[in-house]
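Structure file start.pdb with PDB, C-alpha atoms, pLDDT in the B column:
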ATOM      1  CA  MET S   1      50.565 295.721  60.290  1.00 50.00           C
ATOM      2  CA  ALA S   2      50.597 295.436  56.505  1.00 50.00           C
ATOM      3  CA  GLN S   3      50.649 298.714  54.590  1.00 55.00           C
ATOM      4  CA  GLY S   4      47.146 299.818  53.716  1.00 53.00           C
ATOM      5  CA  GLU S   5      45.503 297.471  56.213  1.00 64.00           C
ATOM      6  CA  SER S   6      42.293 298.927  57.590  1.00 86.00           C
ATOM      7  CA  LEU S   7      41.972 299.375  61.323  1.00 93.00           C
ATOM      8  CA  ARG S   8      38.772 299.022  63.317  1.00 93.00           C
ATOM      9  CA  SER S   9      37.400 300.762  66.366  1.00 95.00           C
ATOM     10  CA  ILE S  10      36.769 299.013  69.684  1.00 94.00           C
ATOM     11  CA  GLY S  11      33.035 299.137  68.981  1.00 94.00           C
ATOM     12  CA  GLN S  12      33.480 297.411  65.615  1.00 95.00           C
ATOM     13  CA  VAL S  13      35.698 294.770  67.211  1.00 95.00           C
ATOM     14  CA  LEU S  14      33.124 294.231  69.959  1.00 94.00           C
ATOM     15  CA  ASN S  15      30.367 293.664  67.388  1.00 94.00           C
ATOM     16  CA  SER S  16      32.497 291.142  65.495  1.00 93.00           C
ATOM     17  CA  MET S  17      33.178 289.192  68.711  1.00 94.00           C
ATOM     18  CA  LYS S  18      29.617 289.205  70.073  1.00 91.00           C
ATOM     19  CA  GLN S  19      28.385 286.279  67.982  1.00 88.00           C
ATOM     20  CA  ASP S  20      30.996 283.885  69.376  1.00 90.00           C
ATOM     21  CA  PHE S  21      31.451 285.553  72.768  1.00 90.00           C
ATOM     22  CA  PRO S  22      28.107 287.062  73.840  1.00 88.00           C
ATOM     23  CA  ASP S  23      29.426 288.107  77.254  1.00 84.00           C
ATOM     24  CA  VAL S  24      32.343 290.187  75.980  1.00 89.00           C
ATOM     25  CA  THR S  25      32.136 293.893  76.743  1.00 91.00           C
ATOM     26  CA  ILE S  26      34.153 297.009  75.996  1.00 91.00           C
ATOM     27  CA  SER S  27      35.265 296.980  79.631  1.00 90.00           C
ATOM     28  CA  LYS S  28      36.542 293.423  79.186  1.00 89.00           C
ATOM     29  CA  ILE S  29      38.574 294.406  76.116  1.00 93.00           C
ATOM     30  CA  ARG S  30      39.995 297.406  77.934  1.00 92.00           C
ATOM     31  CA  PHE S  31      40.898 295.197  80.902  1.00 90.00           C
ATOM     32  CA  LEU S  32      42.814 292.779  78.659  1.00 91.00           C
ATOM     33  CA  GLU S  33      44.675 295.766  77.236  1.00 92.00           C
ATOM     34  CA  SER S  34      45.502 297.011  80.742  1.00 90.00           C
ATOM     35  CA  GLU S  35      46.955 293.556  81.457  1.00 88.00           C
ATOM     36  CA  GLY S  36      49.196 293.853  78.407  1.00 90.00           C
ATOM     37  CA  LEU S  37      47.602 290.924  76.561  1.00 92.00           C
ATOM     38  CA  ILE S  38      46.520 293.038  73.608  1.00 94.00           C
ATOM     39  CA  THR S  39      48.132 296.254  72.390  1.00 93.00           C
ATOM     40  CA  PRO S  40      45.918 298.058  69.882  1.00 94.00           C
ATOM     41  CA  GLN S  41      47.270 301.177  68.239  1.00 93.00           C
ATOM     42  CA  ARG S  42      46.135 304.624  69.267  1.00 91.00           C
ATOM     43  CA  ALA S  43      44.898 307.200  66.798  1.00 90.00           C
ATOM     44  CA  PRO S  44      46.030 310.830  67.281  1.00 89.00           C
ATOM     45  CA  SER S  45      42.631 311.425  68.856  1.00 90.00           C
ATOM     46  CA  GLY S  46      43.411 308.738  71.448  1.00 89.00           C
ATOM     47  CA  TYR S  47      40.906 306.175  70.202  1.00 92.00           C
ATOM     48  CA  ARG S  48      41.950 302.541  69.989  1.00 93.00           C
ATOM     49  CA  ARG S  49      42.516 301.085  66.531  1.00 94.00           C
ATOM     50  CA  PHE S  50      42.643 297.309  66.071  1.00 95.00           C
ATOM     51  CA  SER S  51      44.415 295.476  63.272  1.00 94.00           C
ATOM     52  CA  ALA S  52      43.428 292.026  62.021  1.00 92.00           C
ATOM     53  CA  ASP S  53      46.276 290.592  64.137  1.00 92.00           C
ATOM     54  CA  ASP S  54      44.930 292.372  67.217  1.00 94.00           C
ATOM     55  CA  GLU S  55      41.488 290.861  66.613  1.00 94.00           C
ATOM     56  CA  GLN S  56      42.929 287.390  66.078  1.00 93.00           C
ATOM     57  CA  ARG S  57      44.869 287.712  69.329  1.00 94.00           C
ATOM     58  CA  LEU S  58      41.769 288.878  71.195  1.00 95.00           C
ATOM     59  CA  ARG S  59      39.726 286.015  69.755  1.00 94.00           C
ATOM     60  CA  TYR S  60      42.340 283.527  70.975  1.00 93.00           C
ATOM     61  CA  ILE S  61      42.258 284.986  74.499  1.00 92.00           C
ATOM     62  CA  LEU S  62      38.468 284.922  74.704  1.00 92.00           C
ATOM     63  CA  SER S  63      38.341 281.406  73.284  1.00 90.00           C
ATOM     64  CA  VAL S  64      40.739 279.800  75.764  1.00 88.00           C
ATOM     65  CA  GLN S  65      39.069 281.654  78.636  1.00 84.00           C
ATOM     66  CA  LYS S  66      35.604 280.499  77.613  1.00 81.00           C
ATOM     67  CA  GLU S  67      36.363 276.941  76.540  1.00 81.00           C
ATOM     68  CA  HIS S  68      39.358 276.045  78.701  1.00 78.00           C
ATOM     69  CA  TYR S  69      39.167 278.296  81.796  1.00 75.00           C
ATOM     70  CA  LEU S  70      42.817 279.278  81.411  1.00 77.00           C
ATOM     71  CA  PRO S  71      43.999 281.973  83.856  1.00 79.00           C
ATOM     72  CA  LEU S  72      45.589 285.146  82.500  1.00 83.00           C
ATOM     73  CA  LYS S  73      49.052 284.029  83.632  1.00 84.00           C
ATOM     74  CA  VAL S  74      48.890 280.924  81.431  1.00 85.00           C
ATOM     75  CA  ILE S  75      47.337 282.837  78.521  1.00 89.00           C
ATOM     76  CA  ARG S  76      50.179 285.350  78.732  1.00 89.00           C
ATOM     77  CA  GLU S  77      52.692 282.492  78.473  1.00 89.00           C
ATOM     78  CA  HIS S  78      50.891 281.173  75.390  1.00 91.00           C
ATOM     79  CA  LEU S  79      50.893 284.618  73.782  1.00 91.00           C
ATOM     80  CA  ASP S  80      54.604 285.037  74.508  1.00 89.00           C
ATOM     81  CA  MET S  81      55.234 281.754  72.684  1.00 88.00           C
ATOM     82  CA  MET S  82      53.143 282.936  69.732  1.00 86.00           C
ATOM     83  CA  ASP S  83      55.058 286.240  69.656  1.00 87.00           C
ATOM     84  CA  ARG S  84      58.276 284.222  69.349  1.00 84.00           C
ATOM     85  CA  GLY S  85      56.867 282.321  66.395  1.00 84.00           C
ATOM     86  CA  MET S  86      56.111 279.167  68.396  1.00 84.00           C
ATOM     87  CA  ALA S  87      52.828 277.267  68.506  1.00 82.00           C
ATOM     88  CA  PRO S  88      51.002 277.461  71.863  1.00 81.00           C
ATOM     89  CA  PRO S  89      50.313 274.216  73.759  1.00 79.00           C
ATOM     90  CA  HIS S  90      47.409 272.117  72.546  1.00 75.00           C
ATOM     91  CA  VAL S  91      44.820 273.054  75.167  1.00 66.00           C
ATOM     92  CA  ASP S  92      42.335 270.280  74.353  1.00 54.00           C
ATOM     93  CA  SER S  93      44.444 267.974  76.505  1.00 44.00           C
ATOM     94  CA  LEU S  94      43.590 270.115  79.541  1.00 42.00           C
ATOM     95  CA  ARG S  95      39.932 269.042  79.786  1.00 41.00           C
ATOM     96  CA  PRO S  96      38.019 269.624  81.966  1.00 40.00           C
ATOM     97  CA  ARG S  97      40.597 272.300  82.816  1.00 43.00           C
ATOM     98  CA  LEU S  98      39.776 272.646  86.497  1.00 46.00           C
ATOM     99  CA  PRO S  99      42.022 271.719  89.434  1.00 44.00           C
ATOM    100  CA  GLY S 100      40.956 268.711  91.447  1.00 43.00           C
ATOM    101  CA  THR S 101      39.106 267.013  88.584  1.00 43.00           C
ATOM    102  CA  ALA S 102      39.835 263.952  86.533  1.00 40.00           C
ATOM    103  CA  PRO S 103      40.732 264.661  82.872  1.00 40.00           C
ATOM    104  CA  VAL S 104      38.155 263.950  80.202  1.00 39.00           C
ATOM    105  CA  PRO S 105      39.755 262.460  77.060  1.00 39.00           C
ATOM    106  CA  ALA S 106      39.508 264.728  74.043  1.00 37.00           C
ATOM    107  CA  SER S 107      38.415 261.762  71.940  1.00 37.00           C
ATOM    108  CA  ALA S 108      35.609 260.723  74.278  1.00 40.00           C
ATOM    109  CA  PRO S 109      32.304 260.183  72.455  1.00 41.00           C
ATOM    110  CA  ASN S 110      29.735 262.930  72.697  1.00 43.00           C
ATOM    111  CA  ALA S 111      27.096 260.661  74.227  1.00 43.00           C
ATOM    112  CA  PRO S 112      23.857 261.948  75.792  1.00 43.00           C
ATOM    113  CA  GLY S 113      24.441 263.075  79.348  1.00 45.00           C
ATOM    114  CA  GLN S 114      28.233 263.077  78.945  1.00 44.00           C
ATOM    115  CA  GLN S 115      28.500 266.797  79.640  1.00 45.00           C
ATOM    116  CA  ALA S 116      26.419 266.490  82.789  1.00 42.00           C
ATOM    117  CA  ARG S 117      28.613 263.623  84.016  1.00 42.00           C
ATOM    118  CA  ALA S 118      31.760 265.655  83.305  1.00 41.00           C
ATOM    119  CA  GLU S 119      30.371 268.577  85.309  1.00 43.00           C
ATOM    120  CA  ARG S 120      29.486 266.399  88.300  1.00 45.00           C
ATOM    121  CA  ILE S 121      33.103 265.320  88.785  1.00 53.00           C
ATOM    122  CA  VAL S 122      34.282 268.825  89.712  1.00 71.00           C
ATOM    123  CA  ARG S 123      35.361 268.689  93.379  1.00 81.00           C
ATOM    124  CA  LEU S 124      37.497 271.594  94.519  1.00 85.00           C
ATOM    125  CA  SER S 125      39.009 271.963  97.943  1.00 88.00           C
ATOM    126  CA  ARG S 126      39.037 275.411  99.497  1.00 90.00           C
ATOM    127  CA  ALA S 127      42.666 275.876  98.468  1.00 89.00           C
ATOM    128  CA  ASP S 128      41.838 274.757  94.898  1.00 86.00           C
ATOM    129  CA  LEU S 129      38.965 277.235  94.682  1.00 88.00           C
ATOM    130  CA  LEU S 130      41.110 280.109  95.915  1.00 89.00           C
ATOM    131  CA  GLU S 131      43.854 279.264  93.433  1.00 85.00           C
ATOM    132  CA  ALA S 132      41.522 278.774  90.467  1.00 84.00           C
ATOM    133  CA  SER S 133      39.475 281.919  91.120  1.00 87.00           C
ATOM    134  CA  GLY S 134      42.180 284.263  92.370  1.00 87.00           C
ATOM    135  CA  LEU S 135      40.063 285.248  95.365  1.00 90.00           C
ATOM    136  CA  SER S 136      41.604 286.056  98.718  1.00 91.00           C
ATOM    137  CA  ASP S 137      40.551 283.957 101.690  1.00 92.00           C
ATOM    138  CA  ALA S 138      38.937 287.014 103.280  1.00 93.00           C
ATOM    139  CA  THR S 139      36.813 287.633 100.178  1.00 93.00           C
ATOM    140  CA  LEU S 140      35.726 284.000 100.073  1.00 94.00           C
ATOM    141  CA  VAL S 141      34.725 284.211 103.740  1.00 94.00           C
ATOM    142  CA  GLU S 142      32.604 287.252 102.893  1.00 94.00           C
ATOM    143  CA  LEU S 143      30.946 285.467  99.952  1.00 95.00           C
ATOM    144  CA  GLU S 144      30.203 282.496 102.176  1.00 94.00           C
ATOM    145  CA  LYS S 145      28.756 284.796 104.816  1.00 92.00           C
ATOM    146  CA  TYR S 146      26.084 285.884 102.324  1.00 92.00           C
ATOM    147  CA  GLN S 147      25.724 282.300 101.012  1.00 93.00           C
ATOM    148  CA  ILE S 148      26.833 283.375  97.554  1.00 94.00           C
ATOM    149  CA  VAL S 149      29.568 280.728  97.336  1.00 95.00           C
ATOM    150  CA  LEU S 150      29.122 277.531  99.320  1.00 92.00           C
ATOM    151  CA  PRO S 151      30.530 273.977  99.267  1.00 92.00           C
ATOM    152  CA  ASN S 152      28.383 271.229  97.822  1.00 88.00           C
ATOM    153  CA  ARG S 153      25.741 270.168 100.297  1.00 87.00           C
ATOM    154  CA  GLY S 154      27.083 267.775 102.916  1.00 86.00           C
ATOM    155  CA  THR S 155      30.709 268.078 101.759  1.00 88.00           C
ATOM    156  CA  ARG S 156      33.744 270.320 102.125  1.00 89.00           C
ATOM    157  CA  PHE S 157      34.229 270.513  98.350  1.00 90.00           C
ATOM    158  CA  TYR S 158      33.115 273.194  95.918  1.00 91.00           C
ATOM    159  CA  GLY S 159      31.512 272.474  92.542  1.00 88.00           C
ATOM    160  CA  ARG S 160      31.635 274.044  89.107  1.00 85.00           C
ATOM    161  CA  GLU S 161      28.987 276.681  89.826  1.00 88.00           C
ATOM    162  CA  ALA S 162      30.857 277.821  92.933  1.00 91.00           C
ATOM    163  CA  LEU S 163      33.934 278.341  90.767  1.00 89.00           C
ATOM    164  CA  VAL S 164      31.954 280.286  88.162  1.00 89.00           C
ATOM    165  CA  VAL S 165      30.573 282.602  90.853  1.00 93.00           C
ATOM    166  CA  ALA S 166      33.962 282.971  92.564  1.00 92.00           C
ATOM    167  CA  ARG S 167      35.671 283.962  89.313  1.00 90.00           C
ATOM    168  CA  ALA S 168      32.901 286.408  88.486  1.00 90.00           C
ATOM    169  CA  ALA S 169      33.188 287.892  91.988  1.00 93.00           C
ATOM    170  CA  LYS S 170      36.924 288.393  91.461  1.00 91.00           C
ATOM    171  CA  LYS S 171      36.322 290.263  88.195  1.00 90.00           C
ATOM    172  CA  LEU S 172      33.390 292.294  89.539  1.00 90.00           C
ATOM    173  CA  ALA S 173      35.558 293.450  92.437  1.00 89.00           C
ATOM    174  CA  GLU S 174      37.654 295.301  89.847  1.00 86.00           C
ATOM    175  CA  PHE S 175      34.553 297.403  89.151  1.00 87.00           C
ATOM    176  CA  GLY S 176      33.859 298.053  92.820  1.00 90.00           C
ATOM    177  CA  LEU S 177      31.203 295.355  93.320  1.00 90.00           C
ATOM    178  CA  ASP S 178      31.765 293.294  96.463  1.00 91.00           C
ATOM    179  CA  ALA S 179      29.867 290.549  98.304  1.00 91.00           C
ATOM    180  CA  ARG S 180      27.240 292.989  99.548  1.00 90.00           C
ATOM    181  CA  HIS S 181      26.351 293.923  95.976  1.00 92.00           C
ATOM    182  CA  LEU S 182      26.336 290.283  94.887  1.00 92.00           C
ATOM    183  CA  ARG S 183      23.832 289.600  97.642  1.00 91.00           C
ATOM    184  CA  ALA S 184      21.257 291.520  95.581  1.00 90.00           C
ATOM    185  CA  ILE S 185      21.960 289.222  92.623  1.00 89.00           C
ATOM    186  CA  LYS S 186      21.495 286.184  94.863  1.00 90.00           C
ATOM    187  CA  MET S 187      18.169 287.514  96.106  1.00 90.00           C
ATOM    188  CA  SER S 188      17.051 287.925  92.502  1.00 87.00           C
ATOM    189  CA  ALA S 189      18.165 284.362  91.719  1.00 87.00           C
ATOM    190  CA  ASP S 190      16.258 283.070  94.750  1.00 87.00           C
ATOM    191  CA  ARG S 191      13.095 284.697  93.429  1.00 87.00           C
ATOM    192  CA  GLU S 192      13.651 283.116  90.028  1.00 85.00           C
ATOM    193  CA  VAL S 193      13.979 279.713  91.698  1.00 85.00           C
ATOM    194  CA  GLY S 194      10.441 280.232  92.924  1.00 85.00           C
ATOM    195  CA  LEU S 195       9.284 280.827  89.352  1.00 83.00           C
ATOM    196  CA  VAL S 196      11.017 277.653  88.153  1.00 83.00           C
ATOM    197  CA  GLU S 197       9.459 275.575  90.939  1.00 83.00           C
ATOM    198  CA  GLN S 198       6.033 277.019  90.163  1.00 84.00           C
ATOM    199  CA  ALA S 199       6.391 276.248  86.445  1.00 82.00           C
ATOM    200  CA  ILE S 200       7.479 272.621  86.895  1.00 80.00           C
ATOM    201  CA  ALA S 201       5.049 271.795  89.717  1.00 81.00           C
ATOM    202  CA  PRO S 202       2.484 270.165  87.351  1.00 78.00           C
ATOM    203  CA  TYR S 203       5.219 267.976  85.808  1.00 73.00           C
ATOM    204  CA  VAL S 204       6.483 266.956  89.246  1.00 69.00           C
ATOM    205  CA  ARG S 205       2.997 265.932  90.330  1.00 70.00           C
ATOM    206  CA  ARG S 206       2.510 263.801  87.198  1.00 69.00           C
ATOM    207  CA  THR S 207       5.930 262.175  87.036  1.00 62.00           C
ATOM    208  CA  GLY S 208       7.125 262.269  90.630  1.00 61.00           C
ATOM    209  CA  GLY S 209      10.110 264.419  89.652  1.00 56.00           C
ATOM    210  CA  SER S 210      11.357 266.113  86.503  1.00 56.00           C
ATOM    211  CA  ARG S 211      14.960 267.277  86.369  1.00 68.00           C
ATOM    212  CA  GLU S 212      14.700 267.639  82.601  1.00 74.00           C
ATOM    213  CA  ALA S 213      11.751 270.024  82.875  1.00 75.00           C
ATOM    214  CA  ALA S 214      13.516 271.980  85.639  1.00 76.00           C
ATOM    215  CA  ASN S 215      16.635 272.381  83.483  1.00 77.00           C
ATOM    216  CA  GLU S 216      14.603 273.532  80.493  1.00 81.00           C
ATOM    217  CA  VAL S 217      12.639 276.118  82.465  1.00 82.00           C
ATOM    218  CA  MET S 218      15.782 277.270  84.286  1.00 81.00           C
ATOM    219  CA  ASN S 219      17.653 277.802  81.012  1.00 81.00           C
ATOM    220  CA  LEU S 220      14.728 279.763  79.583  1.00 85.00           C
ATOM    221  CA  VAL S 221      14.496 281.969  82.687  1.00 81.00           C
ATOM    222  CA  VAL S 222      18.255 282.585  82.620  1.00 80.00           C
ATOM    223  CA  GLY S 223      18.052 283.468  78.923  1.00 82.00           C
ATOM    224  CA  VAL S 224      15.261 285.986  79.508  1.00 85.00           C
ATOM    225  CA  HIS S 225      17.098 287.464  82.514  1.00 79.00           C
ATOM    226  CA  SER S 226      20.303 287.855  80.494  1.00 81.00           C
ATOM    227  CA  ALA S 227      18.516 289.377  77.497  1.00 85.00           C
ATOM    228  CA  LEU S 228      16.620 291.879  79.644  1.00 86.00           C
ATOM    229  CA  LEU S 229      19.801 292.857  81.484  1.00 82.00           C
ATOM    230  CA  ARG S 230      21.672 293.417  78.211  1.00 81.00           C
ATOM    231  CA  THR S 231      18.747 295.409  76.819  1.00 86.00           C
ATOM    232  CA  ALA S 232      18.629 297.653  79.887  1.00 86.00           C
ATOM    233  CA  VAL S 233      22.398 298.228  79.943  1.00 79.00           C
ATOM    234  CA  TRP S 234      22.833 298.909  76.214  1.00 75.00           C
ATOM    235  CA  ARG S 235      19.605 300.862  75.642  1.00 67.00           C
TER     236      ARG S 235
END
Would you mind writing the file's structure down as structure tokens?
Amino acid sequence: MAQGESLRSIGQVLNSMKQDFPDVTISKIRFLESEGLITPQRAPSGYRRFSADDEQRLRYILSVQKEHYLPLKVIREHLDMMDRGMAPPHVDSLRPRLPGTAPVPASAPNAPGQQARAERIVRLSRADLLEASGLSDATLVELEKYQIVLPNRGTRFYGREALVVARAAKKLAEFGLDARHLRAIKMSADREVGLVEQAIAPYVRRTGGSREAANEVMNLVVGVHSALLRTAVWR
């Protein structure tokens, strides 16, 4: 740290990260510290104090997790390279960054529907899902028991959403939330599906089907749900 450089508290760092990483929490930052990926200083009072380098390092970690789905083991290797003065690998070449999927060229045009097509190609075997999420087989069995994580209908392969849920389940387990607790979240989601179907029913009757309307309503419902949850937690 340069002499005279101001240090910031974990709350100040959290606020500076929120715009780019809305889902980051103090618990998440503390977890990354416990994994040795960031090492903020400690004031005599015991409070964490972050330098500009600490914040830049944290921003890198959150960015490659959010945009490239890199596991902590790979991120740690990248950080070790940076600590030795080397440039980390160019992660854009890893798209779509999930095992069992075909790569999407970084130079591919951003045409309408391209993102949806890229998401549809995710096909993970059970072994791929376990490796990518870090779940144990027993935990996955439990999640499947409550129909929280399931293969794509009519196949033995798991899709992108299954991976998102599996990774979240792995992280939530660190806070003592298991499949039984996630069942309550699924029940809430099932109720919200009913709201979406009710909202788009007039469009379906007029057009014979409206995936676009369903996506729009779903995104709005998810946004409201997320905002209300954050409001309740941080109030």
Item to complete: Select, from S:Lys66, S:His225, S:Arg8, S:Lys73, the residue with the minimum atom-to-atom distance to Glu35 of chain S, counting only C-alpha atoms.
Response: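 Ranked by minimum distance to Glu35 of chain S, first place goes to S:Lys73.
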Worksheet entry | Nearest candidate to Arg160 of chain S (options S:Asp128, S:Asp23, S:Asp137, S:Asp190; using only C-alpha atoms) |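 Closest candidate: S:Asp128.
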Practice prompt. Run the PyMOL selection byres ((chain S and resi 159) around 8) on the file and write out the hits as an MDAnalysis selection string.
Written response: chainID S and resid 120 122:124 151:152 157:158 160:163
Worksheet item: In Å, with one decimal, what is the gap from atom CA of Asn219 of chain S to atom CA of Val64 of chain S?
Response: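 It comes out at 23.8 Å.
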Worksheet item: From the set S:Ile148, S:Ala138, S:Ala168, S:Val193, which residue has the shortest atom-to-atom contact distance to Val221 of chain S, counting all atoms listed in the file?
Response: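 Smallest distance to Val221 of chain S is found for S:Val193.
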Worksheet, complete the sentence: Judged by all atoms listed in the file, the minimum distance to Leu150 of chain S among S:Glu67, S:Arg126, S:Leu14, S:Ala173 is found for S:Arg126
Worksheet item: For Arg230 of chain S, which of S:Gly194, S:Leu37, S:Val24, S:Gln12 is the closest residue, counting only C-alpha atoms?
Response: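 Ranked by minimum distance to Arg230 of chain S, first place goes to S:Val24.
You can rank S:Ser226, S:Ser9, S:Gln19, S:Gln41 by their closest distance to Ala189 of chain S using only C-alpha atoms, and at the top of that list sits S:Ser226.
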Practice prompt. Please indicate the distance in Å from atom CA of Arg30 of chain S to atom CA of Arg49 of chain S, rounded to one decimal place.
Written response: 12.2 Å
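Interatomic distance, atom CA of Glu131 of chain S to atom CA of Glu77 of chain S: 17.7 Å.
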Worksheet entry | Matched chain/residue IDs from the PyMOL selection byres ((chain S and resi 48) around 10), as a PyMOL selection string | chain S and resi 7-11+30+39-47+49-50
Write the residues of the selection above to a file with C-alpha atoms, as an mmCIF file, keeping the file's coordinate frame.
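Contents of out.cif, as written:
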data_model
loop_
_atom_site.group_PDB
_atom_site.id
_atom_site.type_symbol
_atom_site.label_atom_id
_atom_site.label_comp_id
_atom_site.auth_asym_id
_atom_site.auth_seq_id
_atom_site.Cartn_x
_atom_site.Cartn_y
_atom_site.Cartn_z
ATOM 1 C CA LEU S 7 41.972 299.375 61.323
ATOM 2 C CA ARG S 8 38.772 299.022 63.317
ATOM 3 C CA SER S 9 37.400 300.762 66.366
ATOM 4 C CA ILE S 10 36.769 299.013 69.684
ATOM 5 C CA GLY S 11 33.035 299.137 68.981
ATOM 6 C CA ARG S 30 39.995 297.406 77.934
ATOM 7 C CA THR S 39 48.132 296.254 72.390
ATOM 8 C CA PRO S 40 45.918 298.058 69.882
ATOM 9 C CA GLN S 41 47.270 301.177 68.239
ATOM 10 C CA ARG S 42 46.135 304.624 69.267
ATOM 11 C CA ALA S 43 44.898 307.200 66.798
ATOM 12 C CA PRO S 44 46.030 310.830 67.281
ATOM 13 C CA SER S 45 42.631 311.425 68.856
ATOM 14 C CA GLY S 46 43.411 308.738 71.448
ATOM 15 C CA TYR S 47 40.906 306.175 70.202
ATOM 16 C CA ARG S 49 42.516 301.085 66.531
ATOM 17 C CA PHE S 50 42.643 297.309 66.071
#
Practice prompt. Output the residue selection produced by the PyMOL selection byres ((chain S and resi 28) around 12) on the file above, formatted as an MDAnalysis selection string.
Written response: chainID S and resid 10 14 17 21:27 29:35 37:38 58 61:62 171:172 174:175
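Non-sequential neighbours of Ala87 of chain S (distance at most 9 Å, separation of 5 or more positions within a chain, only C-alpha atoms) are S:His78, S:Met81, S:Met82.
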